[in-house]
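Undergrad: My file is data28.txt. It has compact mmCIF, C-alpha atoms:
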```
# COMPACT_ATOMS: atom_id res chain seq x y z
CA MET A 296 0.00 0.00 0.00
CA GLN A 297 1.20 3.52 -0.78
CA LEU A 298 0.15 6.73 0.91
CA THR A 299 -1.29 9.61 -1.06
CA SER A 300 -1.27 13.37 -0.59
CA ILE A 301 -4.44 14.20 -2.57
CA ARG A 302 -7.66 12.37 -3.25
CA THR A 303 -10.48 13.53 -5.50
CA GLU A 304 -14.01 12.49 -6.36
CA GLY A 305 -15.78 14.57 -8.94
CA ASP A 306 -15.33 18.20 -7.92
CA SER A 307 -14.36 17.28 -4.36
CA ILE A 308 -10.70 17.56 -3.29
CA GLU A 309 -9.18 16.40 -0.04
CA ILE A 310 -5.59 16.54 1.13
CA ILE A 311 -3.93 14.70 3.98
CA ASP A 312 -2.76 17.16 6.63
CA GLN A 313 0.99 16.55 6.62
CA LEU A 314 1.56 18.72 9.67
CA VAL A 315 -0.01 16.11 11.96
CA LEU A 316 1.51 13.02 10.33
CA PRO A 317 2.64 10.39 11.19
CA HIS A 318 0.54 9.98 14.33
CA THR A 319 -2.76 11.40 13.07
CA ILE A 320 -4.43 10.81 9.71
CA SER A 321 -6.57 13.85 9.02
CA TRP A 322 -8.11 14.71 5.65
CA ILE A 323 -8.88 18.35 4.86
CA SER A 324 -11.44 19.41 2.28
CA ILE A 325 -10.22 22.01 -0.21
CA GLU A 326 -13.24 24.07 -1.24
CA SER A 327 -11.61 26.79 -3.33
CA PRO A 328 -8.34 28.14 -4.75
CA GLN A 329 -8.02 30.20 -1.55
CA GLY A 330 -8.25 26.98 0.46
CA ALA A 331 -5.49 25.53 -1.71
CA TYR A 332 -3.36 28.64 -1.15
CA GLU A 333 -3.76 28.39 2.63
CA ALA A 334 -2.93 24.66 2.65
CA ILE A 335 0.20 25.22 0.53
CA LYS A 336 1.36 28.29 2.46
CA SER A 337 0.94 26.57 5.84
CA MET A 338 2.65 23.40 4.55
CA LYS A 339 -0.32 21.16 5.23
CA ILE A 340 0.69 19.94 1.78
CA ARG A 341 4.24 20.25 0.45
CA GLY A 342 6.49 18.83 -2.23
CA ALA A 343 6.86 20.66 -5.54
CA PRO A 344 4.78 18.24 -7.67
CA ALA A 345 2.05 17.89 -5.04
CA ILE A 346 1.47 21.61 -4.57
CA ALA A 347 1.36 22.09 -8.34
CA SER A 348 -1.26 19.35 -8.58
CA LEU A 349 -3.35 20.84 -5.79
CA ALA A 350 -3.24 24.35 -7.24
CA ALA A 351 -4.30 23.11 -10.68
CA LEU A 352 -7.01 20.83 -9.28
CA SER A 353 -8.41 23.66 -7.16
CA ILE A 354 -8.87 25.79 -10.28
CA ALA A 355 -10.46 22.90 -12.16
CA SER A 356 -12.89 22.19 -9.30
CA TYR A 357 -13.68 25.88 -8.85
CA LEU A 358 -14.58 26.30 -12.52
CA SER A 359 -16.51 23.04 -12.71
CA ARG A 360 -18.67 24.09 -9.76
CA ALA A 361 -19.18 27.54 -11.27
CA THR A 362 -20.62 26.06 -14.48
CA LYS A 363 -23.30 24.29 -12.41
CA GLN A 364 -24.45 27.38 -10.50
CA THR A 365 -27.74 29.12 -11.13
CA PRO A 366 -27.61 31.89 -12.09
CA THR A 367 -24.30 31.55 -13.91
CA PRO A 368 -21.54 33.66 -12.30
CA ALA A 369 -20.84 36.91 -14.15
CA PHE A 370 -17.20 36.00 -14.78
CA LEU A 371 -18.40 33.32 -17.20
CA ASP A 372 -20.17 35.86 -19.43
CA SER A 373 -17.18 36.51 -21.66
CA LEU A 374 -13.60 35.50 -22.24
CA GLY A 375 -12.44 38.91 -21.02
CA SER A 376 -14.33 38.66 -17.75
CA LEU A 377 -13.07 35.09 -17.25
CA GLU A 378 -9.47 36.21 -17.70
CA ALA A 379 -9.94 39.24 -15.44
CA HIS A 380 -11.38 36.99 -12.74
CA LEU A 381 -8.78 34.22 -12.93
CA THR A 382 -5.60 36.30 -13.29
CA PRO A 383 -5.46 37.49 -9.65
CA ILE A 384 -6.31 33.96 -8.49
CA PHE A 385 -3.40 32.57 -10.52
CA ASP A 386 -1.08 35.26 -9.13
CA HIS A 387 -2.17 34.56 -5.56
CA LEU A 388 -1.65 30.81 -5.86
CA TYR A 389 1.80 31.30 -7.35
CA SER A 390 2.86 33.48 -4.42
CA SER A 391 2.25 30.68 -1.91
CA ARG A 392 5.64 28.91 -2.45
CA PRO A 393 7.88 30.88 -4.85
CA THR A 394 10.87 28.49 -5.00
CA ALA A 395 8.96 25.51 -6.41
CA VAL A 396 8.95 25.99 -10.18
CA ASN A 397 6.37 23.20 -10.71
CA LEU A 398 3.72 25.46 -9.21
CA GLY A 399 4.55 28.22 -11.65
CA GLY A 400 4.61 25.70 -14.49
CA ALA A 401 1.13 24.40 -13.65
CA ILE A 402 -0.26 27.93 -13.53
CA ALA A 403 1.51 28.79 -16.79
CA ARG A 404 -0.26 25.87 -18.44
CA LEU A 405 -3.62 27.25 -17.31
CA ARG A 406 -2.70 30.74 -18.45
CA GLY A 407 -1.73 29.20 -21.77
CA VAL A 408 -5.25 27.84 -22.27
CA LEU A 409 -6.61 31.36 -21.81
CA ALA A 410 -3.98 32.94 -24.05
CA SER A 411 -4.66 30.45 -26.83
CA ALA A 412 -8.38 31.13 -26.62
CA LYS A 413 -7.84 34.89 -26.79
CA GLU A 414 -5.64 34.51 -29.84
CA LYS A 415 -8.24 32.40 -31.60
CA GLN A 416 -11.00 34.86 -30.70
CA THR A 417 -8.99 37.80 -32.01
CA SER A 418 -8.20 36.15 -35.32
CA SER A 419 -11.59 34.56 -35.84
CA ALA A 420 -14.29 36.09 -37.98
CA ALA A 421 -16.71 33.24 -37.43
CA TYR A 422 -19.46 35.32 -35.89
CA ASP A 423 -21.00 38.69 -36.61
CA ALA A 424 -23.11 41.14 -34.63
CA ALA A 425 -26.26 39.06 -35.10
CA ASP A 426 -25.06 35.83 -33.52
CA GLY A 427 -22.00 37.12 -31.67
CA ALA A 428 -23.43 36.73 -28.16
CA ALA A 429 -24.33 33.07 -28.63
CA ALA A 430 -21.01 32.30 -30.25
CA ALA A 431 -19.13 34.12 -27.47
CA HIS A 432 -20.98 32.15 -24.77
CA SER A 433 -20.17 28.91 -26.56
CA SER A 434 -16.53 30.00 -26.78
CA VAL A 435 -16.35 30.68 -23.02
CA GLU A 436 -17.87 27.29 -22.26
CA SER A 437 -15.22 25.64 -24.43
CA VAL A 438 -12.40 27.54 -22.74
CA VAL A 439 -13.69 26.68 -19.25
CA GLN A 440 -13.85 22.99 -20.15
CA GLY A 441 -10.33 23.27 -21.52
CA LEU A 442 -9.13 24.82 -18.25
CA ILE A 443 -10.82 22.07 -16.23
CA ALA A 444 -9.22 19.36 -18.37
CA GLU A 445 -5.78 20.99 -18.19
CA GLY A 446 -5.98 21.40 -14.43
CA ARG A 447 -6.83 17.75 -13.92
CA ALA A 448 -4.16 16.66 -16.39
CA VAL A 449 -1.44 18.33 -14.28
CA ALA A 450 -2.21 15.88 -11.48
CA ASP A 451 -2.98 12.84 -13.64
CA GLU A 452 0.35 13.00 -15.50
CA ASP A 453 2.43 12.91 -12.33
CA VAL A 454 2.18 9.26 -11.28
CA GLY A 455 3.16 7.76 -14.63
CA ARG A 456 6.22 9.94 -15.08
CA ASN A 457 7.29 9.27 -11.48
CA LYS A 458 7.35 5.52 -12.14
CA THR A 459 9.36 6.14 -15.29
CA MET A 460 11.87 8.24 -13.36
CA GLY A 461 12.07 5.60 -10.64
CA ARG A 462 13.06 2.96 -13.17
CA ILE A 463 15.50 5.17 -15.09
CA GLY A 464 17.17 6.43 -11.93
CA ALA A 465 17.47 2.98 -10.36
CA ASP A 466 19.01 1.59 -13.54
CA TRP A 467 21.56 4.42 -13.65
CA ILE A 468 22.58 3.94 -10.01
CA LEU A 469 22.95 0.18 -10.47
CA ASP A 470 25.01 0.62 -13.65
CA ASN A 471 27.19 3.24 -11.99
CA ALA A 472 27.83 1.01 -8.97
CA GLN A 473 28.81 -1.90 -11.21
CA LYS A 474 31.11 0.30 -13.32
CA ASN A 475 32.87 1.33 -10.13
CA GLY A 476 33.42 -2.27 -9.05
CA PHE A 477 30.77 -2.59 -6.36
CA ASP A 478 29.10 -5.94 -5.77
CA THR A 479 25.40 -5.25 -6.24
CA SER A 480 24.23 -8.83 -5.67
CA ASN A 481 23.19 -8.02 -2.09
CA GLY A 482 21.60 -4.70 -3.04
CA LEU A 483 22.61 -1.09 -2.56
CA ASN A 484 22.55 1.33 0.34
CA VAL A 485 21.02 4.65 -0.66
CA LEU A 486 20.66 7.90 1.30
CA THR A 487 17.91 10.46 0.70
CA VAL A 488 16.98 13.85 2.13
CA CYS A 489 13.57 15.27 3.04
CA ASN A 490 10.44 13.54 1.66
CA THR A 491 10.04 12.88 -2.05
CA GLY A 492 7.53 10.02 -2.11
CA SER A 493 3.78 9.77 -2.59
CA LEU A 494 3.17 12.46 0.01
CA ALA A 495 5.25 14.96 -2.00
CA THR A 496 3.74 14.07 -5.39
CA SER A 497 0.54 12.65 -6.83
CA GLY A 498 1.95 9.16 -6.29
CA TYR A 499 5.09 6.95 -6.21
CA GLY A 500 7.51 9.83 -5.81
CA THR A 501 10.70 11.17 -7.37
CA ALA A 502 13.87 10.33 -5.41
CA LEU A 503 11.92 8.04 -3.12
CA GLY A 504 10.49 6.49 -6.28
CA ILE A 505 14.04 5.41 -7.20
CA ILE A 506 14.41 3.80 -3.80
CA THR A 507 11.01 2.15 -4.16
CA HIS A 508 11.92 0.74 -7.57
CA LEU A 509 15.23 -0.63 -6.28
CA HIS A 510 13.27 -2.35 -3.52
CA GLU A 511 10.69 -3.71 -5.94
CA VAL A 512 13.37 -5.34 -8.12
CA GLY A 513 15.28 -6.72 -5.13
CA LYS A 514 18.28 -4.41 -5.50
CA LEU A 515 17.94 -2.32 -2.36
CA ARG A 516 19.76 -3.35 0.78
CA ARG A 517 18.77 -0.38 2.94
CA ALA A 518 17.43 3.14 2.60
CA TYR A 519 18.84 5.84 4.87
CA TYR A 520 17.12 9.18 5.32
CA THR A 521 17.85 12.39 7.20
CA GLN A 522 15.39 13.82 9.72
CA SER A 523 15.29 17.01 7.61
CA THR A 524 14.72 19.60 10.28
CA PRO A 525 13.13 21.95 11.14
CA TYR A 526 9.94 20.47 9.67
CA HIS A 527 11.16 16.88 10.07
CA GLN A 528 9.86 15.78 6.68
CA GLY A 529 12.26 12.84 6.88
CA SER A 530 11.54 11.61 10.38
CA ARG A 531 7.78 12.17 10.04
CA LEU A 532 6.91 11.57 6.39
CA THR A 533 9.69 9.54 4.73
CA ALA A 534 9.78 7.30 7.79
CA LEU A 535 6.04 6.70 7.48
CA GLU A 536 6.20 5.99 3.75
CA LEU A 537 9.11 3.55 4.04
CA LYS A 538 7.43 1.79 6.96
CA THR A 539 4.17 1.54 5.03
CA LEU A 540 6.02 0.07 2.02
CA GLN A 541 7.99 -2.27 4.31
CA ILE A 542 11.29 -1.04 2.90
CA PRO A 543 14.33 -1.65 5.18
CA SER A 544 15.35 1.78 6.38
CA THR A 545 17.34 3.75 8.94
CA MET A 546 16.81 7.33 10.10
CA ILE A 547 19.78 9.59 10.82
CA CYS A 548 20.03 13.12 12.18
CA ASP A 549 20.99 15.75 9.62
CA SER A 550 24.39 16.17 11.28
CA MET A 551 25.16 12.43 10.99
CA VAL A 552 25.63 12.24 7.20
CA GLY A 553 29.43 12.39 7.43
CA SER A 554 29.55 9.74 10.13
CA LEU A 555 27.26 7.50 8.08
CA PHE A 556 29.65 7.69 5.12
CA GLN A 557 32.56 6.85 7.41
CA HIS A 558 30.91 3.76 8.89
CA GLU A 559 28.64 2.36 6.15
CA SER A 560 29.03 1.69 2.42
CA ILE A 561 26.66 4.17 0.78
CA HIS A 562 26.34 3.66 -2.96
CA ALA A 563 24.36 6.78 -3.86
CA VAL A 564 22.55 9.82 -2.52
CA VAL A 565 19.23 10.55 -4.25
CA VAL A 566 17.27 13.76 -3.72
CA GLY A 567 14.37 15.58 -5.29
CA ALA A 568 14.30 19.20 -6.43
CA ASP A 569 12.14 22.28 -6.28
CA ARG A 570 13.90 24.07 -9.12
CA VAL A 571 16.84 23.21 -11.38
CA ALA A 572 18.64 25.96 -13.28
CA LYS A 573 19.90 25.65 -16.87
CA ASN A 574 23.42 24.70 -15.69
CA GLY A 575 22.15 22.02 -13.28
CA ASP A 576 22.34 24.01 -10.03
CA THR A 577 19.54 22.58 -7.87
CA ALA A 578 17.36 24.11 -5.17
CA ASN A 579 15.99 21.57 -2.72
CA LYS A 580 15.13 21.16 0.94
CA ILE A 581 17.56 22.86 3.31
CA GLY A 582 20.35 20.44 4.16
CA THR A 583 20.66 19.03 0.65
CA TYR A 584 23.78 21.10 -0.04
CA ASN A 585 25.41 19.78 3.14
CA ALA A 586 24.79 16.19 2.04
CA ALA A 587 26.18 16.93 -1.44
CA VAL A 588 29.41 18.39 -0.06
CA ILE A 589 30.00 15.36 2.15
CA ALA A 590 29.06 12.95 -0.65
CA LYS A 591 31.66 14.60 -2.89
CA ARG A 592 34.30 14.17 -0.17
CA HIS A 593 33.51 10.45 0.04
CA ARG A 594 33.13 9.97 -3.73
CA VAL A 595 29.50 8.92 -3.43
CA PRO A 596 27.43 9.82 -6.53
CA PHE A 597 24.87 12.51 -5.79
CA VAL A 598 21.76 12.15 -7.97
CA VAL A 599 18.87 14.59 -8.44
CA CYS A 600 15.52 13.19 -9.57
CA CYS A 601 12.76 15.50 -10.78
CA PRO A 602 10.21 15.83 -13.58
CA VAL A 603 10.89 18.03 -16.59
CA SER A 604 8.48 20.57 -15.10
CA THR A 605 11.07 21.26 -12.36
CA LEU A 606 13.72 22.35 -14.89
CA ASP A 607 13.85 26.11 -15.32
CA LEU A 608 15.84 26.82 -18.47
CA SER A 609 15.03 30.52 -18.20
CA ILE A 610 17.60 31.05 -15.45
CA PRO A 611 21.31 30.47 -16.09
CA ASP A 612 22.36 29.24 -12.65
CA GLY A 613 21.35 28.83 -9.03
CA SER A 614 22.05 32.44 -8.08
CA ALA A 615 18.80 33.39 -9.83
CA ILE A 616 16.62 30.89 -7.92
CA PRO A 617 14.35 32.68 -5.41
CA ILE A 618 14.76 31.18 -1.94
CA GLU A 619 11.80 31.10 0.40
CA TYR A 620 12.42 32.00 4.04
CA ARG A 621 9.99 30.55 6.55
CA PRO A 622 8.91 32.37 9.74
CA PRO A 623 11.78 32.25 12.27
CA ILE A 624 9.58 30.77 15.00
CA GLU A 625 9.14 27.59 12.95
CA ALA A 626 12.78 26.66 13.55
CA CYS A 627 12.20 26.90 17.30
CA LEU A 628 9.23 24.53 17.45
CA VAL A 629 8.56 20.82 17.09
CA ARG A 630 5.27 18.99 16.90
CA GLY A 631 4.74 15.43 18.03
CA ARG A 632 2.77 12.88 19.99
CA ILE A 633 2.75 13.31 23.75
CA VAL A 634 4.65 10.56 25.53
CA SER A 635 4.12 10.22 29.26
CA ARG A 636 6.96 8.82 31.34
CA GLU A 637 4.94 8.53 34.51
CA GLY A 638 4.53 5.01 35.82
CA GLY A 639 7.10 3.49 33.49
CA GLY A 640 6.12 5.36 30.34
CA GLY A 641 3.12 5.29 28.09
CA ILE A 642 1.73 6.85 24.94
CA GLU A 643 -1.42 8.89 24.60
CA GLU A 644 -2.52 7.80 21.14
CA ALA A 645 -4.39 10.90 20.00
CA ALA A 646 -2.71 13.72 21.92
CA GLN A 647 -0.26 15.92 20.06
CA ALA A 648 1.52 19.09 21.10
CA ILE A 649 3.71 21.83 19.64
CA VAL A 650 6.59 22.67 21.94
CA GLN A 651 9.31 25.31 21.85
CA ILE A 652 12.80 23.80 22.14
CA THR A 653 14.77 27.06 22.25
CA PRO A 654 14.92 29.99 24.65
CA ASP A 655 13.04 33.10 23.56
CA LEU A 656 15.21 34.37 20.72
CA ALA A 657 15.25 37.70 18.88
CA LEU A 658 13.00 36.46 16.10
CA GLU A 659 12.62 39.86 14.46
CA ASP A 660 16.28 40.83 14.83
CA HIS A 661 18.15 38.08 12.94
CA GLY A 662 18.08 35.74 15.92
CA VAL A 663 17.09 32.82 13.68
CA PHE A 664 18.15 32.02 10.10
CA ASN A 665 15.46 29.86 8.52
CA PRO A 666 15.67 29.38 4.74
CA SER A 667 13.44 26.60 3.48
CA PHE A 668 15.80 25.65 0.64
CA ASP A 669 19.45 25.70 -0.31
CA VAL A 670 21.12 25.46 -3.72
CA THR A 671 23.50 22.62 -4.58
CA PRO A 672 26.00 23.62 -7.29
CA SER A 673 25.96 21.32 -10.30
CA GLU A 674 29.67 20.55 -9.84
CA LEU A 675 28.63 18.43 -6.83
CA ILE A 676 25.93 16.55 -8.76
CA ALA A 677 26.72 13.36 -10.69
CA ALA A 678 23.46 13.10 -12.63
CA ILE A 679 20.01 14.61 -13.01
CA VAL A 680 17.19 12.18 -13.77
CA THR A 681 13.91 13.16 -15.43
CA GLU A 682 11.24 11.16 -17.21
CA LYS A 683 13.13 11.93 -20.45
CA GLY A 684 16.42 10.34 -19.35
CA VAL A 685 19.62 11.07 -17.45
CA ALA A 686 21.88 14.10 -17.85
CA GLU A 687 25.32 13.25 -16.47
CA ARG A 688 28.04 15.66 -15.46
CA ALA A 689 31.16 14.96 -17.48
CA PRO A 690 34.40 14.35 -15.54
CA GLN A 691 35.97 17.64 -14.45
CA ALA A 692 32.93 19.59 -15.73
CA THR A 693 31.33 22.18 -13.46
CA SER A 694 27.87 22.15 -15.05
CA ILE A 695 25.26 19.77 -16.43
CA SER A 696 23.36 20.33 -19.67
CA VAL A 697 19.84 19.73 -18.40
CA SER A 698 18.41 20.69 -21.79
CA GLU A 699 19.33 17.13 -22.83
CA VAL A 700 16.52 15.77 -20.64
CA SER A 701 14.01 18.61 -20.82
```
Could you write out this file's structure as C-alpha cells?

TA:
Amino acid sequence: MQLTSIRTEGDSIEIIDQLVLPHTISWISIESPQGAYEAIKSMKIRGAPAIASLAALSIASYLSRATKQTPTPAFLDSLGSLEAHLTPIFDHLYSSRPTAVNLGGAIARLRGVLASAKEKQTSSAAYDAADGAAAAHSSVESVVQGLIAEGRAVADEDVGRNKTMGRIGADWILDNAQKNGFDTSNGLNVLTVCNTGSLATSGYGTALGIITHLHEVGKLRRAYYTQSTPYHQGSRLTALELKTLQIPSTMICDSMVGSLFQHESIHAVVVGADRVAKNGDTANKIGTYNAAVIAKRHRVPFVVCCPVSTLDLSIPDGSAIPIEYRPPIEACLVRGRIVSREGGGGIEEAAQAIVQITPDLALEDHGVFNPSFDVTPSELIAAIVTEKGVAERAPQATSISVSEVS
C-alpha cells in the first residue's frame, strides 16, 4: 500500500494534513483556490509536484462548480471577464511557495489555455453582430472545459512519469555502482533527504520512487534518510512511507551524514528538487547542499531526480533561484505525539503538542536564520534524472546540460 497526498471524487478535493503526520491521519477538504493557497502556504501539503497538482485541481474544481451554478456567475459571461477573474487567483496561488517551479509551471499551463483562446477569438471572424453573443458564450464554455481538463491533467500525468523516473534512476545507479566495481548482488545502500515520495507528489515519488523501484526489483539493501529539520519531513513523512512500504530503512540526524559515510558503504545519494537551473544548479530542501558536499568528499554519486516541469531553463544558474524564508519561530518549534513517562512510560494515542525547544530568541532581529531551501552547485551533482532520461556531469565539468533531458 502507498500513501497519497491528494484524493479527488468529482469536484471534491481532499488533502492529507501533513503537519499532523505520522501519528494522526486527518483529511482536509479544499473548497476553493483560496483553500489551496492556505494549505500550501501553511505546509499542510508540500512537495513541488504535489502543490502544483493541488493548485491546478483547485482551479479545475472551482470552474466546474461555477458552471453548475444558477444563475451563472458573471465571470463566465465573456472571455475577457473570465481572464480578469482568474488572473489574480493565478497570481495569488503562485505566491504561496515561490521556489517551487512546478507550481509556476502548472499555472503557466492554465494561463496558456486562456492565451490560446484569446488569440483564436482575435483572429476569428466566425461570428457577426447578429449571432455574436451566442457564439461568445459557446466560446467561453469551451475555454472553461479546456481549463478544467488541463488542471486535472497536471495531477494525472504525475504518477506515470514518477514511475518512469524511478526505473530510469534505479538503472543508472545500479550501472554506476557496477562500473565502479561494487558488488550489487546483495543490493545497494542509498541515502535520501527530506520527503520525495507519494506524500510529495501525486503518487510513487521522485527520489523516493528510485528507492522504491530498487526495492521492488530486489536491488535495495537499505534506505537511509535524514530527519530534515526543522519540519522533520524525513523523520515524520519519509519514515512513514518507508514503513508503510515495508522497505528496510534507517533514520539519521541531519548532522550524521558524514559519520554515516565513514561507517557504512553508501552507494548513492538521491534527492528531489524544487527548481533546477539551466546549468544544473539545484534548489531543494535545506540540508541538501550539506549532504552533497559530504558525498563529494567520500566519492559517493549525488543524484537529483525530478520531472521536466522542475527544470527552469530561463535562469542560467542557481544564483537566480528565489529562496523562500519561513517564519523564524518555525525553527524553534517541534510537533509530536505526547509521551508520558509517569509510571514506566506510556503513549497517549491521539494527543499531540507543539513545543518550543529554544529559549526566547530575537525572532525579528536576525536571531534565527530559517531558509526553506538551499542550492546545490551542479559541480557536486553526478546526474540529473527526469522522465526523459539522465543528464550526467562529465568528468571535471562544473555544469550539467539539463536541456538534454528537458

Undergrad: Quick one: residues within 7 Å of Thr299 of chain A, all atoms listed in the file counted, chain neighbours fewer than 4 positions away excluded, as a list of chain:residue names?

TA: A:Ser493, A:Leu494, A:Ser497, A:Gly498

Undergrad: Which residues, written as a short mmCIF file (atom, residue, chain, number, x, y, z; two decimals) with C-alpha atoms, in the coordinates of the input, have at least one atom at most 8 Å from Val485 of chain A, with all atoms listed in the file counted and residues fewer than 5 positions away on the same chain left out?

TA:
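Just written: part_32.cif:
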```
data_model
loop_
_atom_site.label_atom_id
_atom_site.label_comp_id
_atom_site.auth_asym_id
_atom_site.auth_seq_id
_atom_site.Cartn_x
_atom_site.Cartn_y
_atom_site.Cartn_z
CA ILE A 506 14.41 3.80 -3.80
CA LEU A 515 17.94 -2.32 -2.36
CA ARG A 517 18.77 -0.38 2.94
CA ALA A 518 17.43 3.14 2.60
CA TYR A 519 18.84 5.84 4.87
CA ILE A 561 26.66 4.17 0.78
CA HIS A 562 26.34 3.66 -2.96
CA ALA A 563 24.36 6.78 -3.86
CA VAL A 564 22.55 9.82 -2.52
CA VAL A 565 19.23 10.55 -4.25
#
```

Undergrad: Report the distance between atom CA of Val629 of chain A and atom CA of Ile542 of chain A in Å, rounded to one decimal place.

TA: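 Spanning atom CA of Val629 of chain A to atom CA of Ile542 of chain A is a straight-line distance of 26.2 Å.
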
Undergrad: Report the distance between atom CA of Asp569 of chain A and atom CA of Leu540 of chain A in Å, rounded to one decimal place.

TA: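 Calculated distance between atom CA of Asp569 of chain A and atom CA of Leu540 of chain A is 24.5 Å.
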
Undergrad: Between A:Ser390, A:Ser560, A:Ser348, A:Asn585, which is the closest to Glu333 of chain A once you count only C-alpha atoms?

TA: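 Ranking A:Ser390, A:Ser560, A:Ser348, A:Asn585 by distance to Glu333 of chain A, first place goes to A:Ser390.
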
Undergrad: Return the single residue from A:Lys339, A:Arg688, A:Arg447, A:Lys573 that is closest to Tyr526 of chain A, with distances computed using all atoms listed in the file.

TA: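 Nearest to Tyr526 of chain A: A:Lys339.
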
Undergrad: Find, counting only C-alpha atoms, the residue in A:Thr487, A:Ser698, A:Ser324, A:Ser550 that gets nearest to Thr605 of chain A.

TA: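 Using only C-alpha atoms, the shortest distance to Thr605 of chain A belongs to A:Ser698.
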
Undergrad: What is the distance, in Å and to one decimal place, between atom CA of Gly330 of chain A and atom CA of Tyr357 of chain A?

TA: 10.8 Å

Undergrad: Pick out the closest residue to Thr501 of chain A from this set: A:Val650, A:Leu535, A:Val566, A:Met546. Count all atoms listed in the file.

TA: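 Smallest distance to Thr501 of chain A is found for A:Val566.
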
Undergrad: Between A:Gly464, A:Pro611, A:Gly476, A:Gly631, single out the one closest to Val680 of chain A, counting all atoms listed in the file.

TA: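 Looking only at the distances to Val680 of chain A, the closest residue turns out to be A:Gly464.
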
Undergrad: Choose the residue, out of A:Ser614, A:Ser635, A:Thr539, A:Ser480, that has the smallest atom-to-atom separation from Gly513 of chain A; count only C-alpha atoms.

TA: A:Ser480

Undergrad: Please determine an axis-aligned box that encloses all atoms of segment 480-499 of chain A listed in the file, with 4 Å added on each side, and express its centre and edge lengths in Å to one decimal as JSON.

TA:
```
{"center_x": 12.4, "center_y": 3.2, "center_z": -1.9, "size_x": 31.7, "size_y": 32.1, "size_z": 17.9}
```

Undergrad: Scan for residues within 7 Å of the point (16.8, 11.7, 7.9) in the coordinates of the file, using all atoms listed in the file, and reply as a compact mmCIF listing (two decimals) with C-alpha atoms, in the coordinates of the input.

TA:
```
# COMPACT_ATOMS: atom_id res chain seq x y z
CA VAL A 488 16.98 13.85 2.13
CA CYS A 489 13.57 15.27 3.04
CA TYR A 519 18.84 5.84 4.87
CA TYR A 520 17.12 9.18 5.32
CA THR A 521 17.85 12.39 7.20
CA GLN A 522 15.39 13.82 9.72
CA SER A 523 15.29 17.01 7.61
CA GLY A 529 12.26 12.84 6.88
CA SER A 530 11.54 11.61 10.38
CA MET A 546 16.81 7.33 10.10
CA ILE A 547 19.78 9.59 10.82
CA CYS A 548 20.03 13.12 12.18
CA ASP A 549 20.99 15.75 9.62
```

Undergrad: Which residues are near Lys538 of chain A? Cut-off 12 Å, only C-alpha atoms, ignore same chain within fewer than 4 positions. Put them as a list of chain:residue names.

TA: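 Listing them by chain and then by number gives A:Met296, A:Gln297, A:Leu298, A:Pro317, A:Thr507, A:Ala518, A:Ser530, A:Arg531, A:Leu532, A:Thr533, A:Ala534, A:Ile542, A:Pro543, A:Ser544, A:Thr545, A:Met546.
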
Undergrad: Need to verify the contact set: segment 391-401 of chain A, 9 Å, all atoms listed in the file, exclusion of same-chain residues closer than 5 positions in sequence. Can you return it as an MDAnalysis selection string?

TA: chainID A and resid 332:333 335:337 342:348 350:351 406 445:446 449 568:571 578:579 602 604:607 616:619 668

Undergrad: Which residues, written as a VMD selection string, have at least one atom at most 7 Å from His508 of chain A, with all atoms listed in the file counted and residues fewer than 2 positions away on the same chain left out?

TA: chain A and resid 461 to 462 465 504 to 506 510 to 512

Undergrad: Let's have the selection written as a PDB file, in the coordinates of the input, with C-alpha atoms.

TA:
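Ended up saving to again_34.pdb:
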```pdb
ATOM      1  CA  GLY A 461      12.070   5.600 -10.640  1.00  0.00           C
ATOM      2  CA  ARG A 462      13.060   2.960 -13.170  1.00  0.00           C
ATOM      3  CA  ALA A 465      17.470   2.980 -10.360  1.00  0.00           C
ATOM      4  CA  GLY A 504      10.490   6.490  -6.280  1.00  0.00           C
ATOM      5  CA  ILE A 505      14.040   5.410  -7.200  1.00  0.00           C
ATOM      6  CA  ILE A 506      14.410   3.800  -3.800  1.00  0.00           C
ATOM      7  CA  HIS A 510      13.270  -2.350  -3.520  1.00  0.00           C
ATOM      8  CA  GLU A 511      10.690  -3.710  -5.940  1.00  0.00           C
ATOM      9  CA  VAL A 512      13.370  -5.340  -8.120  1.00  0.00           C
TER      10      VAL A 512
END
```

Undergrad: Step by step: start from the point (18.7, 19.5, -17.0) in the file's coordinates, keep every protein, DNA or RNA residue that has an atom no farther than 12 Å from it, count all atoms listed in the file, and write the set as a PyMOL selection string.

TA: chain A and resi 568+570-577+599-612+673+676-688+694-701
